[in-house]
Amino acid sequence: MSLLRANASREMTPQEERYFLHLLSGDPMFKDFVRSQAMHGENAAQRIMKQPVCPKCERGAFYHKDGVACSHCGYMGASAHKIRQHIRGGHYR
Ligand SMILES: [Zn+2]
């Protein structure tokens with residue numbers, strides 16, 4: 001994960017970084033996603049921030065059919081916003 005952290009420190013605020021740790025404390029599927037983004041280099045954090053947020057556990061979810069699917073808690077349905085909006089809006093405390 002050091003590659004992401006090296007990238008991320010340029011791109012993320014401390015608040016964003018704290019939320020990322022929460023994201024990464026969840027299920028391995030999202031971690032794999034983050035890792036694969038990080039391997040593509042530039043703007044990994046920005047791309048990850050475009051993923052939807054699971055309203056139940058506040059971890060990163062994936063778009064699925066008309067809504068989102070969370071591989072951490074199994075939630076399927078609507079998502080209010082993306083990770084970027086979740087952080088910028090101060091929803092994560
Ligand atoms: Zn969830």
# chains A, B, ... in the order shown; residues from 1 in each chain; ligands from 1

call {"tool": "residues_around", "arguments": {"residues": "A:Pro52", "least_positions_apart": "6", "cutoff": "12 Å", "atoms": "only C-alpha atoms", "output": "list of chain:residue names"}}
result
A:Leu23, A:Phe30, A:Glu58, A:Arg59, A:Gly60, A:Ala61, A:Phe62, A:Tyr63, A:His64, A:Gly67, A:Val68, A:Ala69, A:Cys70, A:Met76, A:Gly77, A:Ala78, A:Ser79, A:Ala80, A:His81, A:Lys82, A:Ile83, A:Arg84, A:Gln85, A:His86, A:Ile87

call {"tool": "atom_distance", "arguments": {"atom1": "atom CA of A:Arg47", "atom2": "atom CA of A:Val34"}}
result
9.2 Å

call {"tool": "closest_residue", "arguments": {"among": "A:Arg88, A:Glu42, A:Cys57, A:Tyr75", "to": "A:Ser25", "atoms": "only C-alpha atoms"}}
result
A:Cys57

call {"tool": "closest_residue", "arguments": {"among": "A:Gly26, A:Gly41, A:Gly89, A:Pro14", "to": "ligand 1", "atoms": "only C-alpha atoms and all ligand atoms"}}
result
A:Gly26

call {"tool": "closest_residue", "arguments": {"among": "A:Glu16, A:His91, A:Lys56, A:Met49", "to": "A:Gln37", "atoms": "only C-alpha atoms"}}
result
A:Met49

call {"tool": "closest_residue", "arguments": {"among": "A:Gly74, A:Arg93, A:Asp66, A:Phe20", "to": "A:Ile48", "atoms": "only C-alpha atoms"}}
result
A:Phe20

call {"tool": "closest_residue", "arguments": {"among": "A:Thr13, A:Pro28, A:His72, A:Gln51", "to": "ligand 1", "atoms": "only C-alpha atoms and all ligand atoms"}}
result
A:His72

call {"tool": "select_by_dssp", "arguments": {"residues": "chain A", "states": "strand (DSSP E)", "output": "list of chain:residue names"}}
result
A:Phe62, A:Tyr63, A:His64, A:Gly67, A:Val68, A:Ala69, A:Met76, A:Gly77

call {"tool": "write_last_selection", "arguments": {"atoms": "all heavy atoms", "output": "PDB file, in the first residue's frame"}}
result
ATOM      1  N   PHE A  62     -19.474  -0.650  -4.996  1.00  0.00           N
ATOM      2  CA  PHE A  62     -19.313  -0.693  -6.451  1.00  0.00           C
ATOM      3  C   PHE A  62     -20.669  -0.496  -7.111  1.00  0.00           C
ATOM      4  O   PHE A  62     -21.689  -0.960  -6.592  1.00  0.00           O
ATOM      5  CB  PHE A  62     -18.723  -2.038  -6.875  1.00  0.00           C
ATOM      6  CG  PHE A  62     -17.339  -2.266  -6.344  1.00  0.00           C
ATOM      7  CD1 PHE A  62     -17.136  -3.007  -5.198  1.00  0.00           C
ATOM      8  CD2 PHE A  62     -16.238  -1.714  -6.988  1.00  0.00           C
ATOM      9  CE1 PHE A  62     -15.853  -3.205  -4.686  1.00  0.00           C
ATOM     10  CE2 PHE A  62     -14.955  -1.908  -6.498  1.00  0.00           C
ATOM     11  CZ  PHE A  62     -14.765  -2.648  -5.354  1.00  0.00           C
ATOM     12  N   TYR A  63     -20.680   0.157  -8.250  1.00  0.00           N
ATOM     13  CA  TYR A  63     -21.940   0.307  -8.986  1.00  0.00           C
ATOM     14  C   TYR A  63     -22.427  -1.051  -9.438  1.00  0.00           C
ATOM     15  O   TYR A  63     -21.671  -1.877  -9.930  1.00  0.00           O
ATOM     16  CB  TYR A  63     -21.752   1.246 -10.181  1.00  0.00           C
ATOM     17  CG  TYR A  63     -21.593   2.671  -9.740  1.00  0.00           C
ATOM     18  CD1 TYR A  63     -20.372   3.314  -9.827  1.00  0.00           C
ATOM     19  CD2 TYR A  63     -22.682   3.364  -9.191  1.00  0.00           C
ATOM     20  CE1 TYR A  63     -20.222   4.618  -9.387  1.00  0.00           C
ATOM     21  CE2 TYR A  63     -22.534   4.672  -8.754  1.00  0.00           C
ATOM     22  CZ  TYR A  63     -21.310   5.287  -8.855  1.00  0.00           C
ATOM     23  OH  TYR A  63     -21.171   6.568  -8.410  1.00  0.00           O
ATOM     24  N   HIS A  64     -23.726  -1.270  -9.230  1.00  0.00           N
ATOM     25  CA  HIS A  64     -24.314  -2.565  -9.536  1.00  0.00           C
ATOM     26  C   HIS A  64     -25.757  -2.348  -9.947  1.00  0.00           C
ATOM     27  O   HIS A  64     -26.544  -1.812  -9.165  1.00  0.00           O
ATOM     28  CB  HIS A  64     -24.237  -3.463  -8.291  1.00  0.00           C
ATOM     29  CG  HIS A  64     -24.881  -4.804  -8.469  1.00  0.00           C
ATOM     30  ND1 HIS A  64     -24.312  -5.791  -9.246  1.00  0.00           N
ATOM     31  CD2 HIS A  64     -26.033  -5.310  -7.979  1.00  0.00           C
ATOM     32  CE1 HIS A  64     -25.112  -6.860  -9.210  1.00  0.00           C
ATOM     33  NE2 HIS A  64     -26.155  -6.593  -8.460  1.00  0.00           N
ATOM     34  N   GLY A  67     -28.179   0.540  -8.626  1.00  0.00           N
ATOM     35  CA  GLY A  67     -27.674   1.149  -7.403  1.00  0.00           C
ATOM     36  C   GLY A  67     -26.227   0.761  -7.157  1.00  0.00           C
ATOM     37  O   GLY A  67     -25.416   0.777  -8.077  1.00  0.00           O
ATOM     38  N   VAL A  68     -25.933   0.426  -5.922  1.00  0.00           N
ATOM     39  CA  VAL A  68     -24.579   0.022  -5.579  1.00  0.00           C
ATOM     40  C   VAL A  68     -24.618  -1.283  -4.796  1.00  0.00           C
ATOM     41  O   VAL A  68     -25.637  -1.635  -4.210  1.00  0.00           O
ATOM     42  CB  VAL A  68     -23.857   1.109  -4.740  1.00  0.00           C
ATOM     43  CG1 VAL A  68     -23.865   2.435  -5.464  1.00  0.00           C
ATOM     44  CG2 VAL A  68     -24.467   1.243  -3.352  1.00  0.00           C
ATOM     45  N   ALA A  69     -23.505  -1.955  -4.790  1.00  0.00           N
ATOM     46  CA  ALA A  69     -23.365  -3.167  -3.996  1.00  0.00           C
ATOM     47  C   ALA A  69     -22.122  -3.024  -3.131  1.00  0.00           C
ATOM     48  O   ALA A  69     -21.073  -2.602  -3.604  1.00  0.00           O
ATOM     49  CB  ALA A  69     -23.232  -4.382  -4.909  1.00  0.00           C
ATOM     50  N   MET A  76     -27.180  -3.747  -0.793  1.00  0.00           N
ATOM     51  CA  MET A  76     -27.463  -3.495  -2.200  1.00  0.00           C
ATOM     52  C   MET A  76     -28.598  -2.507  -2.285  1.00  0.00           C
ATOM     53  O   MET A  76     -29.627  -2.687  -1.642  1.00  0.00           O
ATOM     54  CB  MET A  76     -27.889  -4.787  -2.889  1.00  0.00           C
ATOM     55  CG  MET A  76     -26.753  -5.529  -3.531  1.00  0.00           C
ATOM     56  SD  MET A  76     -27.409  -6.679  -4.750  1.00  0.00           S
ATOM     57  CE  MET A  76     -26.130  -7.902  -4.702  1.00  0.00           C
ATOM     58  N   GLY A  77     -28.418  -1.470  -3.067  1.00  0.00           N
ATOM     59  CA  GLY A  77     -29.488  -0.488  -3.200  1.00  0.00           C
ATOM     60  C   GLY A  77     -28.927   0.860  -3.588  1.00  0.00           C
ATOM     61  O   GLY A  77     -27.887   0.933  -4.242  1.00  0.00           O
TER      62      GLY A  77
END
